[in-house]
$ cat input25.cif   # mmCIF, C-alpha atoms
data_run
loop_
_atom_site.label_atom_id
_atom_site.label_comp_id
_atom_site.auth_asym_id
_atom_site.auth_seq_id
_atom_site.Cartn_x
_atom_site.Cartn_y
_atom_site.Cartn_z
CA MET A 128 91.10 -0.38 -88.98
CA MET A 129 89.74 1.53 -86.08
CA LEU A 130 86.43 0.47 -84.68
CA GLN A 131 84.12 3.27 -83.76
CA PRO A 132 82.55 2.96 -80.32
CA GLN A 133 78.89 2.06 -80.56
CA SER A 134 76.22 2.84 -78.07
CA PHE A 135 73.38 0.55 -77.34
CA ALA A 136 70.02 1.50 -76.01
CA VAL A 137 68.65 -0.96 -73.51
CA VAL A 138 65.06 -1.59 -74.46
CA PRO A 139 62.99 -3.28 -71.78
CA PRO A 140 61.32 -6.47 -73.04
CA THR A 141 57.75 -6.04 -74.18
CA GLU A 142 55.51 -7.62 -71.62
CA VAL A 143 52.92 -9.75 -73.32
CA PRO A 144 49.91 -10.05 -71.03
CA VAL A 145 49.29 -13.62 -70.05
CA ASP A 146 46.00 -14.98 -71.32
CA ASP A 147 44.10 -18.18 -70.86
CA ASP A 148 44.25 -20.74 -73.66
CA PRO A 149 40.79 -20.07 -75.11
CA VAL A 150 40.41 -23.49 -76.74
CA ALA A 151 41.38 -25.39 -73.61
CA SER A 152 39.49 -23.16 -71.16
CA TYR A 153 36.32 -23.26 -73.26
CA ALA A 154 36.42 -27.05 -73.60
CA ALA A 155 37.15 -27.57 -69.91
CA MET A 156 34.28 -25.38 -68.71
CA ASP A 157 31.91 -26.90 -71.27
CA SER A 158 32.71 -30.39 -69.98
CA ALA A 159 32.21 -29.24 -66.39
CA VAL A 160 28.82 -27.71 -67.20
CA ALA A 161 27.72 -30.79 -69.15
CA ALA A 162 28.37 -32.89 -66.05
CA LEU A 163 26.03 -30.75 -63.92
CA PRO A 164 22.56 -32.13 -63.17
CA ALA A 165 19.60 -30.33 -64.66
CA SER A 166 18.51 -27.56 -62.35
CA THR A 167 15.90 -24.96 -61.85
CA ALA A 168 15.25 -22.18 -64.31
CA LEU A 169 16.12 -18.55 -63.64
CA GLY A 170 13.32 -16.75 -61.88
CA SER A 171 12.20 -19.82 -60.00
CA PRO A 172 13.10 -20.47 -56.37
CA ILE A 173 11.86 -24.07 -56.46
CA LEU A 174 14.11 -27.01 -57.16
CA PRO A 175 12.42 -29.63 -59.34
CA CYS A 176 12.56 -33.30 -58.45
CA GLN A 177 15.21 -34.97 -60.54
CA GLU A 178 13.66 -37.59 -62.76
CA PRO A 179 15.55 -39.54 -65.38
CA MET A 180 14.47 -39.04 -68.96
CA ILE A 181 15.80 -39.37 -72.47
CA GLU A 182 15.46 -36.27 -74.63
CA VAL A 183 15.63 -36.27 -78.40
CA SER A 184 16.10 -33.34 -80.77
CA LEU A 185 16.35 -33.97 -84.50
CA LEU A 186 17.43 -31.37 -87.01
CA ASP A 187 17.99 -31.71 -90.74
CA GLU A 188 21.16 -30.84 -92.62
CA ASP A 189 20.08 -27.18 -92.70
CA ASN A 190 19.59 -27.15 -88.91
CA ALA A 191 15.82 -26.95 -89.34
CA PRO A 192 13.87 -29.08 -86.84
CA LEU A 193 12.16 -32.26 -88.04
CA ALA A 194 8.85 -30.89 -86.87
CA LYS A 195 5.90 -33.24 -86.27
CA VAL A 196 7.77 -36.26 -87.59
CA PRO A 197 6.84 -39.63 -86.08
CA TYR A 198 9.77 -41.28 -84.35
CA ARG A 199 10.75 -44.61 -82.87
CA LEU A 200 13.42 -44.75 -80.18
CA MET A 201 15.20 -48.08 -79.85
CA LEU A 202 17.73 -49.29 -77.35
CA GLU A 203 19.65 -52.10 -79.02
CA GLU A 204 16.74 -54.28 -80.19
CA THR A 205 14.13 -52.99 -77.76
CA THR A 206 11.71 -50.23 -78.68
CA LEU A 207 11.73 -47.72 -75.83
CA ALA A 208 9.19 -45.30 -77.18
CA GLU A 209 7.22 -44.26 -80.22
CA GLY A 210 5.56 -40.94 -80.79
CA THR A 211 5.71 -37.71 -82.73
CA LEU A 212 8.28 -34.96 -82.44
CA ASP A 213 6.92 -31.55 -81.57
CA ASP A 214 7.22 -28.31 -83.60
CA GLN A 215 10.85 -28.00 -82.57
CA GLY A 216 11.80 -31.53 -83.46
CA TYR A 217 11.86 -32.50 -79.80
CA ALA A 218 10.51 -35.33 -77.70
CA SER A 219 11.18 -36.52 -74.19
CA VAL A 220 10.77 -40.02 -72.87
CA PRO A 221 10.25 -39.82 -69.10
CA LYS A 222 11.41 -42.36 -66.57
CA GLN A 223 14.04 -43.73 -68.90
CA GLU A 224 17.75 -43.60 -68.47
CA LEU A 225 20.71 -45.27 -70.08
CA PRO A 226 23.40 -47.15 -68.16
CA ALA A 227 26.62 -45.18 -67.72
CA GLY A 228 29.04 -45.35 -70.62
CA ASP A 229 29.37 -44.22 -74.22
CA TRP A 230 26.58 -44.75 -76.67
CA HIS A 231 26.33 -44.68 -80.45
CA ILE A 232 23.32 -42.88 -81.86
CA GLU A 233 22.18 -43.81 -85.35
CA VAL A 234 19.29 -41.96 -86.96
CA THR A 235 17.61 -43.44 -90.03
CA LEU A 236 14.99 -41.40 -91.85
CA GLN A 237 12.27 -43.42 -93.53
CA ARG A 238 11.13 -41.38 -96.54
CA ASN A 239 8.10 -41.64 -98.81
CA GLU A 240 9.38 -43.10 -102.08
CA THR A 241 7.41 -40.67 -104.20
CA THR A 242 7.51 -37.38 -102.28
CA GLN A 243 10.76 -38.01 -100.36
CA LEU A 244 9.11 -36.52 -97.30
CA VAL A 245 10.28 -37.95 -94.00
CA GLU A 246 7.66 -40.35 -92.70
CA ARG A 247 9.45 -41.62 -89.63
CA ALA A 248 12.75 -41.17 -87.82
CA ASP A 249 14.25 -44.33 -86.32
CA ILE A 250 16.71 -43.57 -83.52
CA LEU A 251 18.89 -46.50 -82.55
CA LEU A 252 21.03 -46.42 -79.41
CA THR A 253 23.80 -48.99 -79.11
CA ALA A 254 26.48 -49.26 -76.46
CA ALA A 255 29.86 -48.12 -77.75
CA PRO A 256 32.78 -50.47 -77.09
CA PRO A 257 35.34 -49.17 -74.57
CA GLU A 258 38.04 -47.02 -76.17
CA ASP A 259 41.49 -48.49 -76.69
CA GLU A 260 44.00 -46.11 -75.08
CA ASP A 261 46.34 -46.53 -78.06
CA ASP A 262 43.67 -45.28 -80.44
CA GLN A 263 43.06 -41.99 -78.67
CA GLU A 264 43.63 -39.02 -80.94
CA ALA A 265 45.10 -35.81 -79.70
CA GLU A 266 42.67 -33.09 -78.68
CA PRO A 267 42.85 -29.87 -80.67
CA GLY A 268 45.81 -27.89 -79.40
CA GLU A 269 47.69 -30.92 -78.17
CA ILE A 270 50.78 -32.14 -79.91
CA GLU A 271 50.79 -35.76 -80.96
CA ASP A 272 53.84 -37.85 -80.19
CA ALA A 273 56.62 -37.19 -82.70
CA GLN A 274 57.58 -40.09 -84.89
CA TRP A 275 61.02 -40.51 -86.44
CA LEU A 276 61.01 -41.32 -90.12
CA GLU A 277 63.62 -43.74 -91.33
CA LEU A 278 65.50 -42.22 -94.26
CA PRO A 279 67.52 -44.29 -96.75
CA ASP A 280 71.29 -44.15 -96.27
CA ASP A 281 71.84 -41.93 -99.33
CA ALA A 282 69.11 -39.43 -98.52
CA LEU A 283 71.55 -36.69 -97.55
CA LEU A 284 74.02 -37.08 -100.42
CA TRP A 285 74.28 -34.11 -102.76
CA ASP A 286 75.04 -34.40 -106.45
CA MET B 128 -0.05 -23.49 -42.50
CA LEU B 129 2.58 -21.37 -44.24
CA LEU B 130 1.37 -19.43 -47.26
CA ILE B 131 3.76 -17.73 -49.63
CA ASN B 132 2.26 -15.07 -51.83
CA ASN B 133 3.38 -14.17 -55.36
CA LEU B 134 5.42 -11.18 -54.24
CA GLN B 135 7.34 -13.31 -51.76
CA MET B 136 7.94 -15.92 -54.44
CA GLN B 137 9.37 -13.21 -56.69
CA GLN B 138 11.67 -12.03 -53.92
CA LEU B 139 12.82 -15.56 -53.26
CA ALA B 140 13.50 -15.98 -56.96
CA GLN B 141 15.61 -12.81 -57.10
CA ALA B 142 17.65 -13.99 -54.14
CA THR B 143 18.33 -17.36 -55.74
CA ASP B 144 19.23 -15.67 -59.04
CA GLU B 145 21.82 -13.53 -57.24
CA VAL B 146 23.26 -16.62 -55.60
CA PHE B 147 23.35 -18.27 -59.02
CA LEU B 148 25.14 -15.26 -60.52
CA LYS B 149 27.89 -15.60 -57.94
CA ALA B 150 28.09 -19.35 -58.61
CA VAL B 151 28.51 -18.58 -62.32
CA ALA B 152 31.27 -16.10 -61.48
CA ALA B 153 33.04 -18.74 -59.37
CA CYS B 154 32.75 -21.35 -62.13
CA VAL B 155 34.00 -18.92 -64.78
CA SER B 156 36.92 -17.86 -62.55
CA ARG B 157 38.05 -21.48 -62.26
CA HIS B 158 38.25 -21.97 -66.03
CA TRP B 159 39.18 -18.43 -67.17
CA PRO B 160 41.48 -17.22 -64.38
CA GLN B 161 43.57 -14.80 -66.46
CA ARG B 162 40.62 -13.14 -68.16
CA CYS B 163 38.75 -12.83 -64.87
CA GLU B 164 41.79 -11.32 -63.21
CA ARG B 165 42.12 -8.83 -66.04
CA LEU B 166 38.42 -7.92 -65.78
CA GLY B 167 38.29 -7.68 -62.00
CA PRO B 168 35.34 -8.85 -59.88
CA GLN B 169 32.96 -5.96 -60.59
CA ALA B 170 33.46 -5.97 -64.35
CA LEU B 171 33.10 -9.75 -64.35
CA LEU B 172 29.75 -9.56 -62.56
CA THR B 173 28.66 -6.81 -64.95
CA ARG B 174 29.55 -8.99 -67.91
CA LEU B 175 27.73 -12.00 -66.44
CA ARG B 176 24.63 -9.92 -65.69
CA SER B 177 24.65 -8.79 -69.30
CA VAL B 178 24.94 -12.41 -70.42
CA GLY B 179 22.00 -13.27 -68.15
CA GLN B 180 19.92 -10.52 -69.74
CA VAL B 181 20.81 -11.71 -73.24
CA ALA B 182 19.86 -15.24 -72.22
CA LEU B 183 16.47 -14.20 -70.87
CA GLY B 184 15.86 -12.10 -73.96
CA TYR B 185 16.20 -15.22 -76.08
CA GLY B 186 14.18 -17.41 -73.73
CA ILE B 187 17.21 -19.21 -72.33
CA LYS B 188 16.24 -19.88 -68.75
CA GLU B 189 17.75 -23.19 -67.71
CA ARG B 190 20.75 -22.56 -65.51
CA PRO B 191 23.13 -24.98 -67.26
CA ASP B 192 22.26 -23.19 -70.52
CA VAL B 193 23.06 -19.82 -68.95
CA LEU B 194 26.39 -21.27 -67.79
CA ARG B 195 27.12 -22.42 -71.33
CA LEU B 196 26.37 -18.94 -72.62
CA ALA B 197 28.65 -17.42 -69.98
CA ASN B 198 31.41 -19.76 -71.16
CA MET B 199 30.86 -18.57 -74.73
CA ALA B 200 31.00 -14.97 -73.60
CA MET B 201 34.35 -15.58 -71.92
CA ALA B 202 35.67 -17.41 -75.00
CA LEU B 203 34.65 -14.49 -77.20
CA ASP B 204 35.80 -12.04 -74.49
CA HIS B 205 32.54 -10.18 -74.98
CA ASP B 206 29.40 -9.45 -72.97
CA LEU B 207 27.17 -10.48 -75.93
CA SER B 208 25.03 -7.36 -75.53
CA ARG B 209 25.94 -5.57 -78.73
CA ALA B 210 24.82 -6.56 -82.18
CA ASP B 211 28.36 -6.66 -83.59
CA LEU B 212 28.33 -10.39 -82.95
CA ASP B 213 25.76 -10.97 -85.68
CA TRP B 214 26.46 -14.66 -86.03
CA VAL B 215 25.91 -15.24 -82.30
CA HIS B 216 22.60 -13.40 -82.18
CA LEU B 217 21.44 -15.07 -85.38
CA ARG B 218 21.94 -18.46 -83.80
CA LEU B 219 20.42 -17.46 -80.44
CA GLY B 220 17.38 -15.98 -82.16
CA ASP B 221 16.49 -19.09 -84.19
CA THR B 222 13.10 -19.70 -82.61
CA ARG B 223 12.50 -22.83 -84.68
CA LEU B 224 14.73 -24.59 -82.19
CA ARG B 225 14.70 -25.18 -78.45
CA PRO B 226 17.15 -22.98 -76.52
CA ALA B 227 19.37 -25.97 -75.72
CA ASP B 228 19.56 -26.90 -79.41
CA ARG B 229 20.43 -23.33 -80.36
CA LEU B 230 23.25 -23.44 -77.84
CA ASP B 231 24.45 -26.79 -79.22
CA LEU B 232 24.76 -25.24 -82.67
CA LEU B 233 26.32 -22.07 -81.28
CA ASP B 234 28.78 -24.24 -79.38
CA GLY B 235 29.99 -25.65 -82.70
CA ASP B 236 30.28 -22.13 -84.14
CA VAL B 237 32.30 -20.88 -81.16
CA ARG B 238 34.67 -23.87 -81.26
CA GLU B 239 35.26 -23.27 -84.95
CA TRP B 240 35.85 -19.56 -84.32
CA LEU B 241 38.37 -20.35 -81.58
CA LEU B 242 40.27 -22.83 -83.74
CA GLU B 243 40.36 -20.40 -86.66
CA ARG B 244 41.76 -17.68 -84.41
CA ARG B 245 44.37 -20.06 -83.08
CA ALA B 246 45.36 -21.02 -86.63
CA ARG B 247 45.74 -17.36 -87.60
CA ALA B 248 47.84 -16.49 -84.53
#
$ encode --input "input25.cif" --output "structure tokens"
Amino acid sequence: MMLQPQSFAVVPPTEVPVDDDPVASYAAMDSAVAALPASTALGSPILPCQEPMIEVSLLDEDNAPLAKVPYRLMLEETTLAEGTLDDQGYASVPKQELPAGDWHIEVTLQRNETTQLVERADILLTAAPPEDEDDQEAEPGEIEDAQWLELPDDALLWD
Amino acid sequence: MLLINNLQMQQLAQATDEVFLKAVAACVSRHWPQRCERLGPQALLTRLRSVGQVALGYGIKERPDVLRLANMAMALDHDLSRADLDWVHLRLGDTRLRPADRLDLLDGDVREWLLERRARA
């Protein structure tokens, strides 16, 4: 058998433009911005004095604000503030700040038994225990450590 | 006694806004180096100015909020000016909520969008 000569065309590899990892880049910049102190608004040349405060915004399951709902803000067993949320479900408690660390936020809505309307929102802040390094889950996009599964000895036998 | 009139205050404000725009560009370049390189400095500033205009149009004035919106624009690779991003403008235009709360919700939408795109790729 005689082999016919074959010609090959050399095709240059397609260059795929390098791009940022959108998930990682977005998360990284969001974390960096969240760490920034509050600053002045656009259109204002004046820097405000930084004052600690706790801000609360409550929305329902349809993302509608809990407008004009009375609230009670508690830190562990201490009541920090009581008042009424504004039209946008917002309230600020000036001259209050939390110690550094992670905090659990639990919101309990006290409803009228008959009408089911929200009569008060109780917001409880409790210090979160420090995370165990072994319990950390992988961030989206990261690959968790592979685990080998132990197969029985006859797993690969064919009938 | 030094008196600053309204016109001078406006000029001072414009100057600080320009400085802020460049700070936003620097921050964005750190986290989106490839996309910024592809855009080039002028196109990047044009995109960020557009984002700033969109922000002001929706009453988003706090600088950290504008930074968040710039981050979203880079994630979507879009200047946010056109209405083809209906879901973004719907969220930004929800006047029942404070601007920061709208951005919190939009943040969730953008993360979901990014993860869906990654899953499809």
$ atom_distance --input "input25.cif" --atom1 "atom CA of B:Phe147" --atom2 "atom CA of B:Arg195"
13.5 Å
$ resolve_selection --input "input25.cif" --expression "the PyMOL selection byres ((chain A and resi 248-251) around 12)" --output "count of residues only"
47
$ residues_around --input "input25.cif" --residues "B:Asp236" --least-positions-apart "2" --cutoff "12 Å" --atoms "all atoms listed in the file" --output "count of residues only"
22
$ atom_distance --input "input25.cif" --atom1 "atom CA of B:Glu145" --atom2 "atom CA of A:Ala155"
24.3 Å
$ resolve_selection --input "input25.cif" --expression "the PyMOL selection byres ((chain B) within 6 of (chain A))" --output "list in words"
Leu139, Ala140, His158, Gln161, Lys188, Glu189, Arg190, Ala202, Arg223 and Leu224 of chain B
$ resolve_selection --input "input25.cif" --expression "the PyMOL selection byres ((chain B and resi 151) around 10)" --output "count of residues only"
21
$ atom_distance --input "input25.cif" --atom1 "atom CA of B:Asp144" --atom2 "atom CA of B:Thr222"
24.7 Å
$ closest_residue --input "input25.cif" --among "B:Asp206, B:Asp192, B:Asp228, B:Asp213" --to "B:Leu166" --atoms "only C-alpha atoms"
B:Asp206
$ residues_around --input "input25.cif" --residues "B:Gln180" --least-positions-apart "5" --cutoff "10 Å" --atoms "only C-alpha atoms" --output "list in words"
Arg174, Leu175, Tyr185, Gly186, Ile187, Val193, Leu207 and Ser208 of chain B
$ write_last_selection --input "input25.cif" --atoms "C-alpha atoms" --output "PDB file, keeping the file's coordinate frame"
ATOM      1  CA  ARG B 174      29.550  -8.990 -67.910  1.00  0.00           C
ATOM      2  CA  LEU B 175      27.730 -12.000 -66.440  1.00  0.00           C
ATOM      3  CA  TYR B 185      16.200 -15.220 -76.080  1.00  0.00           C
ATOM      4  CA  GLY B 186      14.180 -17.410 -73.730  1.00  0.00           C
ATOM      5  CA  ILE B 187      17.210 -19.210 -72.330  1.00  0.00           C
ATOM      6  CA  VAL B 193      23.060 -19.820 -68.950  1.00  0.00           C
ATOM      7  CA  LEU B 207      27.170 -10.480 -75.930  1.00  0.00           C
ATOM      8  CA  SER B 208      25.030  -7.360 -75.530  1.00  0.00           C
TER       9      SER B 208
END
